[in-house]
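Data from run.cif: mmCIF, C-alpha atoms
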```
data_query
#
loop_
_atom_site.label_atom_id
_atom_site.label_comp_id
_atom_site.auth_asym_id
_atom_site.auth_seq_id
_atom_site.Cartn_x
_atom_site.Cartn_y
_atom_site.Cartn_z
CA MET A 9 8.17 51.61 -37.43
CA ASN A 10 6.83 55.06 -36.62
CA THR A 11 9.70 57.24 -35.37
CA GLU A 12 7.67 60.44 -35.12
CA VAL A 13 6.85 61.50 -31.57
CA GLY A 14 3.13 61.60 -30.85
CA LYS A 15 1.37 64.53 -29.26
CA VAL A 16 0.07 64.43 -25.69
CA TYR A 17 -3.07 66.22 -24.54
CA LEU A 18 -3.59 66.98 -20.86
CA VAL A 19 -7.37 67.22 -20.85
CA GLY A 20 -9.70 68.37 -18.09
CA ALA A 21 -12.86 66.24 -18.07
CA GLY A 22 -14.76 68.55 -15.74
CA PRO A 23 -16.13 67.90 -12.26
CA GLY A 24 -17.93 64.62 -12.96
CA ASN A 25 -20.95 65.21 -15.16
CA PRO A 26 -20.09 64.43 -18.80
CA GLU A 27 -22.30 67.33 -19.91
CA LEU A 28 -19.76 69.70 -18.37
CA MET A 29 -16.91 68.43 -20.54
CA THR A 30 -15.92 71.05 -23.12
CA LEU A 31 -16.48 70.59 -26.85
CA LYS A 32 -12.74 70.81 -27.44
CA ALA A 33 -12.07 68.09 -24.88
CA LEU A 34 -14.66 65.89 -26.60
CA ARG A 35 -13.16 66.43 -30.06
CA ILE A 36 -9.67 65.56 -28.83
CA LEU A 37 -10.92 62.52 -26.96
CA GLU A 38 -12.58 61.19 -30.09
CA LYS A 39 -9.25 61.06 -31.96
CA ALA A 40 -7.20 59.58 -29.11
CA GLU A 41 -5.13 56.49 -29.78
CA VAL A 42 -4.24 56.07 -26.10
CA ILE A 43 -6.31 57.25 -23.13
CA LEU A 44 -5.10 57.32 -19.55
CA TYR A 45 -8.06 58.32 -17.42
CA ASP A 46 -8.70 59.23 -13.82
CA ALA A 47 -11.40 57.99 -11.47
CA LEU A 48 -14.04 59.92 -13.40
CA LEU A 49 -17.28 60.25 -11.51
CA ASP A 50 -19.69 59.07 -14.18
CA SER A 51 -19.18 55.82 -16.10
CA SER A 52 -20.85 57.31 -19.19
CA PHE A 53 -17.53 59.03 -19.94
CA LEU A 54 -16.42 55.67 -21.31
CA GLU A 55 -18.98 55.97 -24.10
CA PHE A 56 -16.88 58.74 -25.63
CA PHE A 57 -13.73 56.61 -25.82
CA PRO A 58 -12.95 55.39 -29.36
CA SER A 59 -13.29 51.61 -29.60
CA SER A 60 -9.87 51.42 -31.24
CA SER A 61 -8.01 53.30 -28.51
CA ILE A 62 -5.74 51.74 -25.90
CA VAL A 63 -7.27 52.54 -22.53
CA HIS A 64 -5.60 52.60 -19.11
CA TYR A 65 -7.41 53.33 -15.87
CA VAL A 66 -4.96 55.20 -13.64
CA GLY A 67 -7.38 56.80 -11.20
CA LYS A 68 -6.59 57.74 -7.66
CA ARG A 69 -8.83 57.72 -4.62
CA ALA A 70 -7.76 57.90 -1.01
CA GLY A 71 -6.09 54.60 -0.18
CA GLN A 72 -6.98 53.13 -3.58
CA HIS A 73 -4.24 54.23 -5.96
CA SER A 74 -4.15 52.10 -9.10
CA ALA A 75 -0.88 53.60 -10.37
CA THR A 76 1.80 55.88 -8.98
CA GLN A 77 2.35 59.27 -10.54
CA GLU A 78 5.71 58.08 -11.85
CA GLU A 79 4.09 55.07 -13.53
CA ILE A 80 1.51 57.30 -15.17
CA GLN A 81 4.20 59.62 -16.50
CA ASP A 82 6.19 56.65 -17.81
CA LEU A 83 3.14 55.43 -19.73
CA ILE A 84 2.57 58.86 -21.25
CA VAL A 85 6.18 59.08 -22.41
CA ARG A 86 6.33 55.49 -23.69
CA TYR A 87 3.21 55.77 -25.84
CA SER A 88 4.07 59.21 -27.19
CA LEU A 89 7.55 58.00 -28.22
CA GLN A 90 5.76 55.26 -30.18
CA GLY A 91 4.14 58.02 -32.23
CA LYS A 92 0.68 57.70 -30.70
CA THR A 93 -1.75 60.48 -29.87
CA VAL A 94 -2.12 60.30 -26.10
CA VAL A 95 -4.92 61.81 -24.01
CA ARG A 96 -4.37 62.12 -20.28
CA LEU A 97 -7.97 62.62 -19.14
CA LYS A 98 -8.16 64.17 -15.70
CA GLY A 99 -11.10 65.04 -13.50
CA GLY A 100 -11.85 68.74 -13.10
CA ASP A 101 -9.07 70.94 -14.41
CA PRO A 102 -5.59 69.45 -14.95
CA PHE A 103 -3.92 72.29 -13.05
CA VAL A 104 -6.16 72.45 -9.96
CA PHE A 105 -4.84 69.71 -7.65
CA GLY A 106 -4.65 67.44 -10.67
CA ARG A 107 -0.85 67.00 -10.74
CA GLY A 108 -0.94 68.25 -14.30
CA GLY A 109 2.11 70.36 -13.60
CA GLU A 110 4.21 67.27 -12.91
CA GLU A 111 3.11 65.68 -16.18
CA LEU A 112 3.79 68.93 -18.02
CA LEU A 113 7.37 69.04 -16.73
CA THR A 114 7.88 65.42 -17.79
CA LEU A 115 6.71 66.21 -21.31
CA ARG A 116 9.02 69.19 -21.53
CA LYS A 117 11.92 67.14 -20.23
CA HIS A 118 11.46 64.59 -23.02
CA LYS A 119 10.68 67.28 -25.62
CA ILE A 120 7.28 65.76 -26.33
CA PRO A 121 4.72 68.04 -28.03
CA TYR A 122 1.69 68.72 -25.87
CA GLU A 123 -1.44 70.78 -25.43
CA ILE A 124 -3.34 71.58 -22.25
CA ILE A 125 -7.14 71.59 -22.41
CA PRO A 126 -8.63 73.25 -19.33
CA GLY A 127 -11.70 71.80 -17.69
CA VAL A 128 -14.47 73.01 -15.41
CA SER A 129 -13.05 72.68 -11.92
CA ALA A 130 -14.95 71.05 -9.08
CA LEU A 131 -14.05 74.24 -7.20
CA SER A 132 -16.69 76.26 -9.03
CA ALA A 133 -18.98 73.35 -9.89
CA GLY A 134 -19.42 72.51 -6.22
CA SER A 135 -20.39 75.98 -5.09
CA SER A 136 -22.58 76.61 -8.13
CA GLY A 137 -24.39 73.31 -7.72
CA ALA A 138 -24.97 74.02 -4.03
CA GLY A 139 -26.31 77.49 -4.81
CA PHE A 140 -23.76 79.96 -3.50
CA PRO A 141 -21.02 82.01 -5.20
CA LEU A 142 -17.32 81.89 -4.48
CA THR A 143 -17.14 85.69 -4.57
CA HIS A 144 -19.79 88.26 -3.70
CA ARG A 145 -19.62 92.01 -3.33
CA GLY A 146 -19.34 92.92 0.34
CA LEU A 147 -18.71 89.35 1.46
CA SER A 148 -15.83 87.85 -0.49
CA ARG A 149 -13.49 89.35 -3.06
CA GLN A 150 -10.90 86.58 -3.00
CA VAL A 151 -10.69 82.79 -2.91
CA LEU A 152 -8.06 80.69 -1.14
CA ILE A 153 -7.61 77.08 -2.27
CA MET A 154 -6.01 74.72 0.23
CA ASP A 155 -4.97 71.07 0.18
CA GLY A 156 -6.33 69.35 3.27
CA HIS A 157 -3.77 66.54 3.01
CA THR A 158 -0.78 68.75 3.72
CA VAL A 159 -1.95 72.02 5.27
CA LEU A 160 -1.56 70.62 8.79
CA GLN A 161 1.93 69.35 8.02
CA GLU A 162 3.28 72.66 6.75
CA ASP A 163 4.37 75.84 8.51
CA THR A 164 0.94 77.38 8.03
CA ASP A 165 0.23 80.95 9.14
CA TRP A 166 -3.08 80.19 10.82
CA LYS A 167 -3.58 83.74 12.04
CA TRP A 168 -3.45 84.94 8.43
CA PHE A 169 -5.91 82.22 7.43
CA ALA A 170 -8.23 83.07 10.33
CA GLU A 171 -8.32 86.72 9.24
CA PHE A 172 -8.76 85.90 5.54
CA LYS A 173 -11.51 88.08 4.07
CA GLY A 174 -12.91 85.77 1.46
CA THR A 175 -13.80 82.16 0.74
CA ILE A 176 -11.57 79.25 1.71
CA ALA A 177 -11.98 76.15 -0.46
CA LEU A 178 -10.51 72.98 0.99
CA PHE A 179 -9.82 70.02 -1.29
CA MET A 180 -9.33 66.57 0.26
CA GLY A 181 -9.98 67.98 3.72
CA THR A 182 -12.70 65.94 5.42
CA SER A 183 -10.21 63.98 7.53
CA SER A 184 -8.49 67.15 8.74
CA ILE A 185 -11.38 69.63 8.97
CA VAL A 186 -11.84 69.29 12.74
CA GLN A 187 -8.24 70.30 13.43
CA ILE A 188 -8.37 72.99 10.74
CA SER A 189 -11.53 74.45 12.33
CA LYS A 190 -9.87 74.42 15.75
CA ASN A 191 -6.77 76.15 14.40
CA LEU A 192 -8.88 78.84 12.72
CA ILE A 193 -10.93 79.54 15.87
CA ASP A 194 -7.85 79.48 18.11
CA ASN A 195 -6.34 82.16 15.88
CA GLY A 196 -9.32 84.50 15.90
CA ALA A 197 -11.97 83.19 13.50
CA SER A 198 -15.56 83.22 14.75
CA SER A 199 -17.05 79.85 15.65
CA LEU A 200 -20.12 80.96 13.68
CA VAL A 201 -18.35 81.16 10.32
CA PRO A 202 -20.46 78.98 8.01
CA VAL A 203 -19.06 75.90 6.30
CA ALA A 204 -20.42 73.83 3.41
CA LEU A 205 -19.33 70.33 2.44
CA VAL A 206 -20.28 69.54 -1.17
CA GLU A 207 -19.98 65.93 -2.29
CA ASN A 208 -20.18 64.59 -5.86
CA ALA A 209 -20.25 68.04 -7.40
CA SER A 210 -22.35 68.32 -10.60
CA LEU A 211 -23.87 64.84 -10.32
CA LYS A 212 -27.46 63.85 -9.58
CA ASN A 213 -26.42 62.55 -6.17
CA GLN A 214 -24.69 65.79 -5.17
CA LYS A 215 -25.03 66.30 -1.43
CA THR A 216 -24.49 69.55 0.46
CA THR A 217 -24.04 69.71 4.22
CA ILE A 218 -24.16 73.10 5.98
CA THR A 219 -22.57 73.65 9.37
CA SER A 220 -20.14 76.08 11.06
CA LEU A 221 -16.59 76.04 12.43
CA GLY A 222 -17.86 75.71 15.99
CA ARG A 223 -20.24 72.89 15.15
CA ILE A 224 -17.49 71.00 13.39
CA ILE A 225 -15.37 71.06 16.54
CA GLU A 226 -18.32 69.77 18.58
CA GLU A 227 -19.80 67.27 16.14
CA GLY A 228 -17.27 66.71 13.34
CA LEU A 229 -18.09 66.74 9.65
CA SER A 230 -18.34 63.42 7.86
CA LYS A 231 -18.89 62.61 4.21
CA GLN A 232 -22.07 60.73 3.44
CA SER A 233 -20.84 59.16 0.22
CA SER A 234 -17.70 57.61 -1.24
CA GLY A 235 -17.36 60.38 -3.80
CA PRO A 236 -15.03 63.37 -3.54
CA GLY A 237 -15.96 66.36 -1.43
CA ILE A 238 -14.94 70.00 -1.26
CA ILE A 239 -15.29 72.11 1.88
CA TYR A 240 -16.08 75.82 1.62
CA ILE A 241 -15.49 78.15 4.54
CA GLY A 242 -16.74 81.73 4.59
CA PRO A 243 -19.74 84.06 4.68
CA VAL A 244 -20.80 83.32 1.09
CA VAL A 245 -22.19 80.02 2.37
CA HIS A 246 -24.98 82.12 3.96
CA LEU A 247 -26.30 82.85 0.46
CA ILE A 248 -27.29 79.24 -0.09
CA GLY A 249 -30.67 79.80 1.58
CA GLU A 250 -32.98 77.22 3.09
CA ASN A 251 -33.31 74.16 0.87
CA PRO A 252 -35.10 70.94 1.88
CA GLU A 253 -32.52 68.87 0.00
CA LEU A 254 -29.68 70.16 2.15
CA ASP A 255 -28.51 68.82 5.47
CA PHE A 256 -28.18 71.68 7.97
CA GLN A 257 -26.17 70.39 10.91
CA GLY A 258 -27.81 72.61 13.51
CA PHE A 259 -26.36 75.74 11.89
CA ALA A 260 -27.67 79.05 13.26
CA SER A 261 -27.82 81.43 10.32
CA GLN A 262 -27.26 84.56 12.36
CA GLY A 263 -24.33 85.61 14.46
CA GLU A 264 -21.39 87.91 14.71
CA GLY A 265 -18.26 87.49 12.68
CA VAL A 266 -19.87 86.08 9.54
#
```
Using structure tokens, write down the structure that the file contains.
Amino acid sequence: MNTEVGKVYLVGAGPGNPELMTLKALRILEKAEVILYDALLDSSFLEFFPSSSIVHYVGKRAGQHSATQEEIQDLIVRYSLQGKTVVRLKGGDPFVFGRGGEELLTLRKHKIPYEIIPGVSALSAGSSGAGFPLTHRGLSRQVLIMDGHTVLQEDTDWKWFAEFKGTIALFMGTSSIVQISKNLIDNGASSLVPVALVENASLKNQKTTITSLGRIIEEGLSKQSSGPGIIYIGPVVHLIGENPELDFQGFASQGEGV
């Protein structure tokens, strides 16, 4: 019986397109004995899994959780204590809303050797694929990342957010964006501030919807696919330009406050 503790790799798979997985992530994946993988956006990821590896799908989508975070962590610990090389393959980057920190603390608690392999985050893949930067001289020198699931439940300083001079990126926020837009406008943000919703970042079916805070309050902002979406709020969205593949929800490209 193997009594040596196996090593665990927390690996970022990138935003969805397998071509954006790093070479290091690929090399580690190819030697994995156990793979616990997320709801990766392209099924061709499975082609990189060794045929001899033990594979567990532990992906999470809204309302469709296949395993709790505690169950995932228990699997990681159990297999590593059996001496196996374990890869926890996570969409995007493990430490950007990927709950990688919780898994890291579990590994440290059990004194299990580990390595973190960063991945291309959907944060940058979404804006790059849509054609606008997160930062731009004269428009945005900072980026604020928010979790749309909890921001309305916390003691949020909405006046500070409304006056934020940069780009706000909202993960998991389509269900709360109407109230978020109202809170921003009520606290001083212009209704003309542009907003982009990017779905399925990096994939062939990526979809970008352009609107504004005011339009969202009037018309809402709905996803057009079942894939994940990121919402970007700020003047950099102006730089996207006119594109026939984009859905402009009546957005006027000129106006004060943007």
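Going from CA of Thr114 in chain A to CA of Gly181 in chain A covers 28.1 Å.
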May I ask which of the residues A:Ala21, A:Ala170, A:Val244, A:Ile62 is the closest one to Leu97 in chain A, counting only C-alpha atoms? A:Ala21
Applied to the shown file, which residues does the PyMOL selection byres ((chain A and resi 215) around 9) return, written as a VMD selection string? chain A and resid 138 205 to 209 212 to 214 216 to 217 232 to 233 253 to 255
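Listed by chain and then by number, the residues chosen by the PyMOL selection byres ((chain A and resi 131) around 10) in this file are Pro23, Gly100, Asp101, Val104, Val128, Ser129, Ala130, Ser132, Ala133, Gly134, Ser135, Ser136, Leu142, Ile153, Ala177, Leu178, Phe179, Val206, Ala209, Gly237, Ile238, Ile239 and Tyr240 of chain A.
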Take the residues that were just selected and, keeping C-alpha atoms, output them as a compact mmCIF listing (two decimals), in the coordinates of the input.
```txt
# COMPACT_ATOMS: atom_id res chain seq x y z
CA PRO A 23 -16.13 67.90 -12.26
CA GLY A 100 -11.85 68.74 -13.10
CA ASP A 101 -9.07 70.94 -14.41
CA VAL A 104 -6.16 72.45 -9.96
CA VAL A 128 -14.47 73.01 -15.41
CA SER A 129 -13.05 72.68 -11.92
CA ALA A 130 -14.95 71.05 -9.08
CA SER A 132 -16.69 76.26 -9.03
CA ALA A 133 -18.98 73.35 -9.89
CA GLY A 134 -19.42 72.51 -6.22
CA SER A 135 -20.39 75.98 -5.09
CA SER A 136 -22.58 76.61 -8.13
CA LEU A 142 -17.32 81.89 -4.48
CA ILE A 153 -7.61 77.08 -2.27
CA ALA A 177 -11.98 76.15 -0.46
CA LEU A 178 -10.51 72.98 0.99
CA PHE A 179 -9.82 70.02 -1.29
CA VAL A 206 -20.28 69.54 -1.17
CA ALA A 209 -20.25 68.04 -7.40
CA GLY A 237 -15.96 66.36 -1.43
CA ILE A 238 -14.94 70.00 -1.26
CA ILE A 239 -15.29 72.11 1.88
CA TYR A 240 -16.08 75.82 1.62
```
For this file, the PyMOL selection byres ((chain A and resi 229) around 8) selects which residues, as a ChimeraX atom specification? /A:182,185-186,224,227-228,230-231
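Using all atoms listed in the file, the smallest distance between any of A:Phe172, A:Gly235, A:Leu221, A:Gly20 and Phe103 in chain A comes from A:Gly20.
If all atoms listed in the file are the atoms counted, then among A:Leu112, A:Asn191, A:Ile218, A:Trp168 the closest residue to Phe140 in chain A is A:Ile218.
Coordinates place CA of Gln77 in chain A at a distance of 8.4 Å from CA of Arg107 in chain A.
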One-decimal distance in Å that lies between CA of Val95 in chain A and CA of Ala33 in chain A: 9.6 Å
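Considering the residues A:Gly67, A:Gly108, A:Gly196, A:Pro243 and counting all atoms listed in the file, Tyr17 in chain A has its shortest atom-to-atom contact with A:Gly108.
Closest approach to Gly106 in chain A among A:Ala47, A:Ile225, A:Ile193, A:Ile241: A:Ala47, based on only C-alpha atoms.
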Which residue of A:Leu31, A:Pro102, A:Gly156, A:Gln161 approaches Pro126 in chain A most closely, using only C-alpha atoms: A:Pro102
If I only have part of range 196-208 of chain A, can you fill in N, CA and C atoms and write it as a compact mmCIF listing (two decimals), keeping the file's coordinate frame?
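New file selection_27.txt:
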```txt
# COMPACT_ATOMS: atom_id res chain seq x y z
N GLY A 196 -8.48 83.31 16.00
CA GLY A 196 -9.32 84.50 15.90
C GLY A 196 -10.56 84.40 15.05
N ALA A 197 -10.76 83.32 14.32
CA ALA A 197 -11.97 83.19 13.50
C ALA A 197 -13.18 82.94 14.40
N SER A 198 -14.34 83.46 14.00
CA SER A 198 -15.56 83.22 14.75
C SER A 198 -16.00 81.77 14.61
N SER A 199 -16.52 81.22 15.70
CA SER A 199 -17.05 79.85 15.65
C SER A 199 -18.30 79.77 14.79
N LEU A 200 -18.89 80.93 14.47
CA LEU A 200 -20.12 80.96 13.68
C LEU A 200 -19.89 81.06 12.19
N VAL A 201 -18.63 81.11 11.76
CA VAL A 201 -18.35 81.16 10.32
C VAL A 201 -18.97 79.93 9.66
N PRO A 202 -19.79 80.12 8.63
CA PRO A 202 -20.46 78.98 8.01
C PRO A 202 -19.54 78.14 7.15
N VAL A 203 -19.85 76.86 7.06
CA VAL A 203 -19.06 75.90 6.30
C VAL A 203 -20.01 75.02 5.49
N ALA A 204 -19.64 74.75 4.25
CA ALA A 204 -20.42 73.83 3.41
C ALA A 204 -19.52 72.71 2.93
N LEU A 205 -19.98 71.48 3.04
CA LEU A 205 -19.33 70.33 2.44
C LEU A 205 -20.17 69.89 1.25
N VAL A 206 -19.58 69.94 0.05
CA VAL A 206 -20.28 69.54 -1.17
C VAL A 206 -19.64 68.26 -1.69
N GLU A 207 -20.45 67.22 -1.78
CA GLU A 207 -19.98 65.93 -2.29
C GLU A 207 -20.55 65.65 -3.68
N ASN A 208 -19.75 64.99 -4.51
CA ASN A 208 -20.18 64.59 -5.86
C ASN A 208 -20.68 65.79 -6.67
```
